[in-house]
Each structure stands twice: as C-alpha cells, then as structure tokens.
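> Mind looking over this structure? Questions follow.
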Amino acid sequence: VVPSSGYTSYIGKACVPQEVWENLRGDELYLPEAVSELSRTGLEVARDGPQSPEWKANKETEKMISICRDNPEEFKKVLEKEVMVWTGHFDNVSYGHDHPVVKTRSIICMSPLSIAELLMDSKRVKEYNKMSIGRNDEKIFQEGIDTINGEFGHGETKIVCNRTKPPLTKKKFELLTLMHARKLNTEIGEGNGYLVVSRAISGSNVVEVSKDTVRSEILLGVNVLQCIPGQPNKTDLTSITHCYSPAVPKILVGKMQVKGSIGFVNDIRALCD
C-alpha cells in the first residue's frame, strides 16, 4: 500500500502538527521508511536527543539521584527497586501537546529480548496490563524481532487493536496502534539490546468505534531495552509514554499517566518474582 495523504514525512517525528494529525488517512505508517524514522525518533526522545522535551524529575526521583549521584553501584540498586520518573511536554503546535510525556527508568530482572517478545505478543498482554480485555493483531507487516534487512526493514512490525476496561467506568477503551520491535544497532552506536516503539493509527480511513467505546491513542510509546554488561538476565529499561484519551479530565491526566507508567514497570517486575 502506498500512502497517499502526503504526510508521511511527519508521521515518524516526535511532534506531529495538529493540522497534520487531523488530516491523516491512517496508512502513513505503512512504509518501512516511516517505521524506521519512528524508531530513530523513539531512541532520540528516550536518550534526551534533539526531539526530546525538557524533562523535569519528580521529587522522589530528584531525591534518588542526589543520594546516589556519585555511586554507580548504589544507582543500580535503586533502579532495581524503584522507578525513576520525569515528565515533559512537546511543543505547543503538536497534536496532544497539552498531555504530558512521561519518561521512566528502571531495571527489570528479565533479558531485553524476553521483554521485547512479551510486549509484542498480543496473547500475553493481560500478564502486564490488568485493564486489557484483549489485544488482536489486525495487520502484520513482518514477523521476527531479530529480522535483519527483511522486506519491511529490520525487526517485527504490526498493527494491533487493544481493548481495555478501566475500573469505575462503564466505557470500554480501544487503541489502534502500530507496534515495531527490533534489535539495537551496535555499529551505529545504539548500544546492545532491543527497541519497541508504538504510535496510534489515526485518520479518515480508520473505522469508527461503537457508542459504548472510546478511542484512545498512544501518540508515542517507546521502550529502550538496554543490556547490562555481565548480567544477561537483567534489562536497563527506559520507557516513554505519551497518550491521549478524550474521556480523561485534563486535571487528572498527568497523575494518571505517571501512575500508569509506574504500574507498567511494576507489573512486568511481578512476572519475574
């Protein structure tokens, strides 16, 4: 499928202008080049590159950093038990700019590949997302996280539909999302490990949801799964979450996204016990 909206040059960037997002068709990420650009963007945002927002650590994270600033081993111990949290905002011309971007860092007692496989396996989503009532693979472009130079580039790429039922609401939420996972490229300085990136599929060609369902969007999801030297069954995880849900009051958005980001890490940690 050749995307025809003319907006493919925007869809892989961290900040997609409001006007562009509102005029998407829904097939802009159907090209390997667009997905490759999205993966580069994900790494850049997670590693404080040019597309990254200005991050502000929460009070708990500031305290953790100050305590173990000059002690790498103590820093590792903290990351194994706690979740460091930062928040920021993308520029004010981008879609979803009024919703915070959340960054977390933690260490998980699971190998980078195992976490990547867990996140990409739709049958296992309920293991770490207690609100999910099911995730289906809607369109598979390429399978195999370790694929190199396949017809759709590197790694695995697919579109999934995840349905959730949060507590205290009668509404169901639906997220139609492109997911892409690949191995980090050591030859260009990406390090050892894996990368999983996500972005909502949105546009005029996307089927509307039913009346009892709310369409939510993962504007940018990133998981950088970095190997820890000498510890093959541990992962240095940096996650980025930027979501939009019209059903969530703006006054609650920040707290809920931070809570959800921390919960994501702790739910995966629980699988290691």
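Convention: chains lettered A, B, ... in structure tokens order; per-chain residue numbering from 1; ligands numbered from 1 as shown.
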Do a neighbour search on region 52-62 of chain A at 9 Å with only C-alpha atoms, toss out local chain neighbours closer than 4 positions, and write the hits as number ranges by chain.

A: 14, 41, 44-48, 66-67, 83-91, 101-103

> Neighbouring residues of Asn162 (chain A) were defined as those with any atom within 12 Å, considering only C-alpha atoms; residues of the same chain fewer than 6 positions away were excluded. Please report them as JSON, numbers by chain.

{"A": [121, 122, 123, 124, 125, 126, 129, 131, 132, 133, 134, 135, 136, 137, 138, 172, 173, 174, 175, 176, 177, 178, 179, 200, 213, 214, 215, 216, 217, 218]}

> Could you please determine the separation between CA of Met120 (chain A) and CA of Ile268 (chain A) in Å, to one decimal place?

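The value is 13.5 Å.
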
> Nearest to Ser39 (chain A) among A:Asn23, A:Thr186, A:Thr169, A:Asn223, with distances taken over only C-alpha atoms: which residue is it?

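Selected residue with least distance to Ser39 (chain A): A:Asn223.
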
> Can you pull out every residue from region 84-115 of chain A that DSSP, working from the backbone, puts in strand (DSSP E), and format the result as a PyMOL selection string?

chain A and resi 84-88+101-108

> Store the residues picked out above, limited to N, CA and C atoms, as a compact mmCIF listing (two decimals), in the first residue's frame.


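File written: part_37.txt
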```txt
# COMPACT_ATOMS: atom_id res chain seq x y z
N MET A 84 12.31 5.55 38.43
CA MET A 84 12.57 6.98 38.31
C MET A 84 11.62 7.57 37.27
N VAL A 85 11.12 8.78 37.55
CA VAL A 85 10.08 9.37 36.71
C VAL A 85 10.41 10.82 36.36
N TRP A 86 10.24 11.14 35.07
CA TRP A 86 10.35 12.51 34.59
C TRP A 86 9.12 12.82 33.74
N THR A 87 8.73 14.08 33.68
CA THR A 87 7.64 14.48 32.79
C THR A 87 8.07 15.69 31.97
N GLY A 88 7.41 15.86 30.84
CA GLY A 88 7.71 16.98 29.96
C GLY A 88 6.55 17.19 29.00
N VAL A 101 4.24 14.09 28.53
CA VAL A 101 5.04 12.93 28.12
C VAL A 101 5.72 12.43 29.39
N VAL A 102 5.65 11.13 29.63
CA VAL A 102 6.24 10.56 30.85
C VAL A 102 7.42 9.67 30.47
N LYS A 103 8.52 9.88 31.17
CA LYS A 103 9.72 9.05 30.98
C LYS A 103 10.01 8.31 32.29
N THR A 104 10.28 7.02 32.19
CA THR A 104 10.68 6.27 33.37
C THR A 104 11.96 5.50 33.08
N ARG A 105 12.68 5.23 34.15
CA ARG A 105 13.87 4.37 34.04
C ARG A 105 13.88 3.39 35.20
N SER A 106 14.22 2.16 34.89
CA SER A 106 14.20 1.10 35.90
C SER A 106 15.07 -0.05 35.42
N ILE A 107 15.32 -0.99 36.31
CA ILE A 107 16.00 -2.23 35.95
C ILE A 107 15.03 -3.38 36.21
N ILE A 108 14.89 -4.23 35.20
CA ILE A 108 13.98 -5.38 35.27
C ILE A 108 14.80 -6.66 35.25
```

> Can you tell me, as number ranges by chain, what residues are no more than 6 Å from Arg25 (chain A) when counting only C-alpha atoms, ignoring any on the same chain fewer than 3 positions away?

A: 203-205

> With N, CA and C atoms retained, write the just-selected residues as a PDB file, in the first residue's frame.


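As a result, result.pdb now contains:
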```pdb
ATOM      1  N   GLY A 203      -6.895   8.421  11.366  1.00  0.00           N
ATOM      2  CA  GLY A 203      -7.145   9.032  10.071  1.00  0.00           C
ATOM      3  C   GLY A 203      -8.523   8.735   9.522  1.00  0.00           C
ATOM      4  N   SER A 204      -8.796   9.305   8.362  1.00  0.00           N
ATOM      5  CA  SER A 204     -10.126   9.224   7.761  1.00  0.00           C
ATOM      6  C   SER A 204     -10.516   7.814   7.347  1.00  0.00           C
ATOM      7  N   ASN A 205      -9.523   6.936   7.114  1.00  0.00           N
ATOM      8  CA  ASN A 205      -9.825   5.565   6.696  1.00  0.00           C
ATOM      9  C   ASN A 205     -10.003   4.604   7.869  1.00  0.00           C
TER      10      ASN A 205
END
```

> Any idea what the distance is between CA of Thr8 (chain A) and CA of Arg199 (chain A)?

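It comes out at 13.4 Å.
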
> Pick out the closest residue to Ser114 (chain A) from this set: A:Leu220, A:Val248, A:Leu168, A:Ala181. Count only C-alpha atoms.

A:Ala181

> Could you give me, as a PDB file with N, CA and C atoms, in the first residue's frame, each residue of region 8-229 of chain A that DSSP assigns to alpha helix (DSSP H) when run on this structure's backbone?


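The resulting file, out-v1.pdb, is reproduced below:
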```pdb
ATOM      1  N   THR A   8       3.594  11.551   5.108  1.00  0.00           N
ATOM      2  CA  THR A   8       4.500  10.510   5.606  1.00  0.00           C
ATOM      3  C   THR A   8       5.774  11.091   6.199  1.00  0.00           C
ATOM      4  N   SER A   9       6.175  12.282   5.771  1.00  0.00           N
ATOM      5  CA  SER A   9       7.401  12.884   6.304  1.00  0.00           C
ATOM      6  C   SER A   9       7.216  13.356   7.745  1.00  0.00           C
ATOM      7  N   TYR A  10       5.981  13.509   8.186  1.00  0.00           N
ATOM      8  CA  TYR A  10       5.701  13.964   9.548  1.00  0.00           C
ATOM      9  C   TYR A  10       5.478  12.812  10.526  1.00  0.00           C
ATOM     10  N   ILE A  11       4.952  11.691  10.030  1.00  0.00           N
ATOM     11  CA  ILE A  11       4.391  10.674  10.917  1.00  0.00           C
ATOM     12  C   ILE A  11       5.438   9.972  11.780  1.00  0.00           C
ATOM     13  N   GLN A  18      -0.748  19.572  14.811  1.00  0.00           N
ATOM     14  CA  GLN A  18      -2.178  19.315  14.984  1.00  0.00           C
ATOM     15  C   GLN A  18      -2.883  19.218  13.632  1.00  0.00           C
ATOM     16  N   GLU A  19      -2.597  20.146  12.744  1.00  0.00           N
ATOM     17  CA  GLU A  19      -3.254  20.180  11.434  1.00  0.00           C
ATOM     18  C   GLU A  19      -2.953  18.918  10.631  1.00  0.00           C
ATOM     19  N   VAL A  20      -1.721  18.429  10.739  1.00  0.00           N
ATOM     20  CA  VAL A  20      -1.342  17.208  10.024  1.00  0.00           C
ATOM     21  C   VAL A  20      -2.087  16.008  10.595  1.00  0.00           C
ATOM     22  N   TRP A  21      -2.064  15.862  11.933  1.00  0.00           N
ATOM     23  CA  TRP A  21      -2.708  14.704  12.564  1.00  0.00           C
ATOM     24  C   TRP A  21      -4.192  14.636  12.204  1.00  0.00           C
ATOM     25  N   PRO A  32       8.113   0.978   5.368  1.00  0.00           N
ATOM     26  CA  PRO A  32       9.242   0.684   6.263  1.00  0.00           C
ATOM     27  C   PRO A  32      10.075   1.914   6.593  1.00  0.00           C
ATOM     28  N   GLU A  33      10.166   2.865   5.651  1.00  0.00           N
ATOM     29  CA  GLU A  33      10.950   4.075   5.919  1.00  0.00           C
ATOM     30  C   GLU A  33      10.316   4.898   7.039  1.00  0.00           C
ATOM     31  N   ALA A  34       8.985   4.957   7.051  1.00  0.00           N
ATOM     32  CA  ALA A  34       8.289   5.716   8.093  1.00  0.00           C
ATOM     33  C   ALA A  34       8.471   5.056   9.458  1.00  0.00           C
ATOM     34  N   VAL A  35       8.421   3.732   9.487  1.00  0.00           N
ATOM     35  CA  VAL A  35       8.604   2.998  10.742  1.00  0.00           C
ATOM     36  C   VAL A  35      10.037   3.131  11.233  1.00  0.00           C
ATOM     37  N   SER A  36      10.985   3.090  10.299  1.00  0.00           N
ATOM     38  CA  SER A  36      12.392   3.262  10.660  1.00  0.00           C
ATOM     39  C   SER A  36      12.628   4.642  11.266  1.00  0.00           C
ATOM     40  N   GLU A  37      11.989   5.651  10.686  1.00  0.00           N
ATOM     41  CA  GLU A  37      12.099   7.015  11.221  1.00  0.00           C
ATOM     42  C   GLU A  37      11.492   7.099  12.621  1.00  0.00           C
ATOM     43  N   LEU A  38      10.368   6.418  12.818  1.00  0.00           N
ATOM     44  CA  LEU A  38       9.729   6.403  14.134  1.00  0.00           C
ATOM     45  C   LEU A  38      10.635   5.755  15.173  1.00  0.00           C
ATOM     46  N   SER A  39      11.342   4.696  14.785  1.00  0.00           N
ATOM     47  CA  SER A  39      12.244   4.032  15.737  1.00  0.00           C
ATOM     48  C   SER A  39      13.414   4.935  16.105  1.00  0.00           C
ATOM     49  N   ARG A  40      13.927   5.676  15.125  1.00  0.00           N
ATOM     50  CA  ARG A  40      15.012   6.632  15.424  1.00  0.00           C
ATOM     51  C   ARG A  40      14.508   7.735  16.355  1.00  0.00           C
ATOM     52  N   THR A  41      13.298   8.190  16.100  1.00  0.00           N
ATOM     53  CA  THR A  41      12.688   9.204  16.958  1.00  0.00           C
ATOM     54  C   THR A  41      12.541   8.700  18.389  1.00  0.00           C
ATOM     55  N   GLY A  42      12.074   7.462  18.529  1.00  0.00           N
ATOM     56  CA  GLY A  42      11.899   6.885  19.857  1.00  0.00           C
ATOM     57  C   GLY A  42      13.182   6.869  20.655  1.00  0.00           C
ATOM     58  N   LEU A  43      14.265   6.444  20.008  1.00  0.00           N
ATOM     59  CA  LEU A  43      15.567   6.430  20.679  1.00  0.00           C
ATOM     60  C   LEU A  43      15.999   7.837  21.060  1.00  0.00           C
ATOM     61  N   GLU A  44      15.765   8.777  20.152  1.00  0.00           N
ATOM     62  CA  GLU A  44      16.186  10.159  20.383  1.00  0.00           C
ATOM     63  C   GLU A  44      15.458  10.769  21.584  1.00  0.00           C
ATOM     64  N   VAL A  45      14.163  10.524  21.672  1.00  0.00           N
ATOM     65  CA  VAL A  45      13.383  11.059  22.787  1.00  0.00           C
ATOM     66  C   VAL A  45      13.803  10.403  24.101  1.00  0.00           C
ATOM     67  N   ALA A  46      13.996   9.082  24.070  1.00  0.00           N
ATOM     68  CA  ALA A  46      14.364   8.359  25.290  1.00  0.00           C
ATOM     69  C   ALA A  46      15.746   8.738  25.789  1.00  0.00           C
ATOM     70  N   LYS A  59       9.741  14.628  42.622  1.00  0.00           N
ATOM     71  CA  LYS A  59      10.505  14.822  43.863  1.00  0.00           C
ATOM     72  C   LYS A  59      11.227  13.558  44.302  1.00  0.00           C
ATOM     73  N   GLU A  60      10.552  12.416  44.157  1.00  0.00           N
ATOM     74  CA  GLU A  60      11.173  11.154  44.565  1.00  0.00           C
ATOM     75  C   GLU A  60      12.414  10.855  43.729  1.00  0.00           C
ATOM     76  N   THR A  61      12.318  11.138  42.427  1.00  0.00           N
ATOM     77  CA  THR A  61      13.455  10.885  41.532  1.00  0.00           C
ATOM     78  C   THR A  61      14.610  11.827  41.831  1.00  0.00           C
ATOM     79  N   GLU A  62      14.296  13.096  42.082  1.00  0.00           N
ATOM     80  CA  GLU A  62      15.346  14.057  42.450  1.00  0.00           C
ATOM     81  C   GLU A  62      16.099  13.584  43.682  1.00  0.00           C
ATOM     82  N   LYS A  63      15.363  13.076  44.649  1.00  0.00           N
ATOM     83  CA  LYS A  63      15.982  12.584  45.886  1.00  0.00           C
ATOM     84  C   LYS A  63      16.864  11.373  45.605  1.00  0.00           C
ATOM     85  N   MET A  64      16.370  10.442  44.783  1.00  0.00           N
ATOM     86  CA  MET A  64      17.152   9.249  44.446  1.00  0.00           C
ATOM     87  C   MET A  64      18.449   9.619  43.740  1.00  0.00           C
ATOM     88  N   ILE A  65      18.353  10.550  42.806  1.00  0.00           N
ATOM     89  CA  ILE A  65      19.537  10.961  42.046  1.00  0.00           C
ATOM     90  C   ILE A  65      20.553  11.636  42.953  1.00  0.00           C
ATOM     91  N   SER A  66      20.082  12.485  43.861  1.00  0.00           N
ATOM     92  CA  SER A  66      21.006  13.199  44.752  1.00  0.00           C
ATOM     93  C   SER A  66      21.723  12.248  45.703  1.00  0.00           C
ATOM     94  N   ILE A  67      21.029  11.189  46.125  1.00  0.00           N
ATOM     95  CA  ILE A  67      21.623  10.236  47.070  1.00  0.00           C
ATOM     96  C   ILE A  67      22.720   9.399  46.423  1.00  0.00           C
ATOM     97  N   CYS A  68      22.508   8.987  45.177  1.00  0.00           N
ATOM     98  CA  CYS A  68      23.468   8.055  44.557  1.00  0.00           C
ATOM     99  C   CYS A  68      24.155   8.641  43.326  1.00  0.00           C
ATOM    100  N   PRO A  72      27.773   4.651  41.227  1.00  0.00           N
ATOM    101  CA  PRO A  72      27.100   3.860  40.188  1.00  0.00           C
ATOM    102  C   PRO A  72      26.455   2.581  40.708  1.00  0.00           C
ATOM    103  N   GLU A  73      27.104   1.919  41.647  1.00  0.00           N
ATOM    104  CA  GLU A  73      26.551   0.665  42.171  1.00  0.00           C
ATOM    105  C   GLU A  73      25.279   0.919  42.975  1.00  0.00           C
ATOM    106  N   GLU A  74      25.288   1.985  43.752  1.00  0.00           N
ATOM    107  CA  GLU A  74      24.089   2.342  44.516  1.00  0.00           C
ATOM    108  C   GLU A  74      22.962   2.761  43.569  1.00  0.00           C
ATOM    109  N   PHE A  75      23.344   3.432  42.484  1.00  0.00           N
ATOM    110  CA  PHE A  75      22.379   3.854  41.466  1.00  0.00           C
ATOM    111  C   PHE A  75      21.673   2.633  40.871  1.00  0.00           C
ATOM    112  N   LYS A  76      22.446   1.588  40.578  1.00  0.00           N
ATOM    113  CA  LYS A  76      21.876   0.345  40.046  1.00  0.00           C
ATOM    114  C   LYS A  76      20.911  -0.287  41.034  1.00  0.00           C
ATOM    115  N   LYS A  77      21.306  -0.297  42.306  1.00  0.00           N
ATOM    116  CA  LYS A  77      20.447  -0.892  43.335  1.00  0.00           C
ATOM    117  C   LYS A  77      19.109  -0.153  43.430  1.00  0.00           C
ATOM    118  N   VAL A  78      19.179   1.160  43.317  1.00  0.00           N
ATOM    119  CA  VAL A  78      17.955   1.961  43.362  1.00  0.00           C
ATOM    120  C   VAL A  78      17.065   1.636  42.163  1.00  0.00           C
ATOM    121  N   LEU A  79      17.676   1.549  40.968  1.00  0.00           N
ATOM    122  CA  LEU A  79      16.906   1.263  39.760  1.00  0.00           C
ATOM    123  C   LEU A  79      16.266  -0.120  39.793  1.00  0.00           C
ATOM    124  N   GLU A  80      16.872  -1.053  40.523  1.00  0.00           N
ATOM    125  CA  GLU A  80      16.309  -2.402  40.616  1.00  0.00           C
ATOM    126  C   GLU A  80      15.064  -2.452  41.498  1.00  0.00           C
ATOM    127  N   LYS A  81      14.933  -1.480  42.408  1.00  0.00           N
ATOM    128  CA  LYS A  81      13.805  -1.487  43.341  1.00  0.00           C
ATOM    129  C   LYS A  81      12.764  -0.415  43.029  1.00  0.00           C
ATOM    130  N   PRO A 112      16.591  -8.374  27.819  1.00  0.00           N
ATOM    131  CA  PRO A 112      15.976  -7.444  26.869  1.00  0.00           C
ATOM    132  C   PRO A 112      15.112  -8.137  25.818  1.00  0.00           C
ATOM    133  N   LEU A 113      15.596  -9.247  25.265  1.00  0.00           N
ATOM    134  CA  LEU A 113      14.815  -9.958  24.251  1.00  0.00           C
ATOM    135  C   LEU A 113      13.522 -10.513  24.842  1.00  0.00           C
ATOM    136  N   SER A 114      13.586 -11.037  26.055  1.00  0.00           N
ATOM    137  CA  SER A 114      12.381 -11.591  26.693  1.00  0.00           C
ATOM    138  C   SER A 114      11.311 -10.520  26.887  1.00  0.00           C
ATOM    139  N   ILE A 115      11.734  -9.315  27.271  1.00  0.00           N
ATOM    140  CA  ILE A 115      10.763  -8.229  27.447  1.00  0.00           C
ATOM    141  C   ILE A 115      10.190  -7.807  26.100  1.00  0.00           C
ATOM    142  N   ALA A 116      11.050  -7.702  25.086  1.00  0.00           N
ATOM    143  CA  ALA A 116      10.580  -7.331  23.745  1.00  0.00           C
ATOM    144  C   ALA A 116       9.558  -8.344  23.238  1.00  0.00           C
ATOM    145  N   GLU A 117       9.845  -9.621  23.426  1.00  0.00           N
ATOM    146  CA  GLU A 117       8.917 -10.674  22.994  1.00  0.00           C
ATOM    147  C   GLU A 117       7.604 -10.597  23.764  1.00  0.00           C
ATOM    148  N   LEU A 118       7.688 -10.312  25.055  1.00  0.00           N
ATOM    149  CA  LEU A 118       6.490 -10.171  25.883  1.00  0.00           C
ATOM    150  C   LEU A 118       5.604  -9.042  25.369  1.00  0.00           C
ATOM    151  N   LEU A 119       6.199  -7.898  25.101  1.00  0.00           N
ATOM    152  CA  LEU A 119       5.437  -6.730  24.672  1.00  0.00           C
ATOM    153  C   LEU A 119       4.812  -6.915  23.298  1.00  0.00           C
ATOM    154  N   MET A 120       5.471  -7.667  22.429  1.00  0.00           N
ATOM    155  CA  MET A 120       4.973  -7.852  21.064  1.00  0.00           C
ATOM    156  C   MET A 120       3.960  -8.988  20.947  1.00  0.00           C
TER     157      MET A 120
END
```

> Compare A:Thr241, A:Asn266, A:Gln142, A:Ser111 by their minimum atom-to-atom distance to Gly193 (chain A), counting only C-alpha atoms, and give me the closest one.

A:Ser111

> Grab the CA of Pro232 (chain A) to CA of Asp146 (chain A) distance for me, in Å with one decimal place.

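Distance between the two atoms: 16.9 Å.
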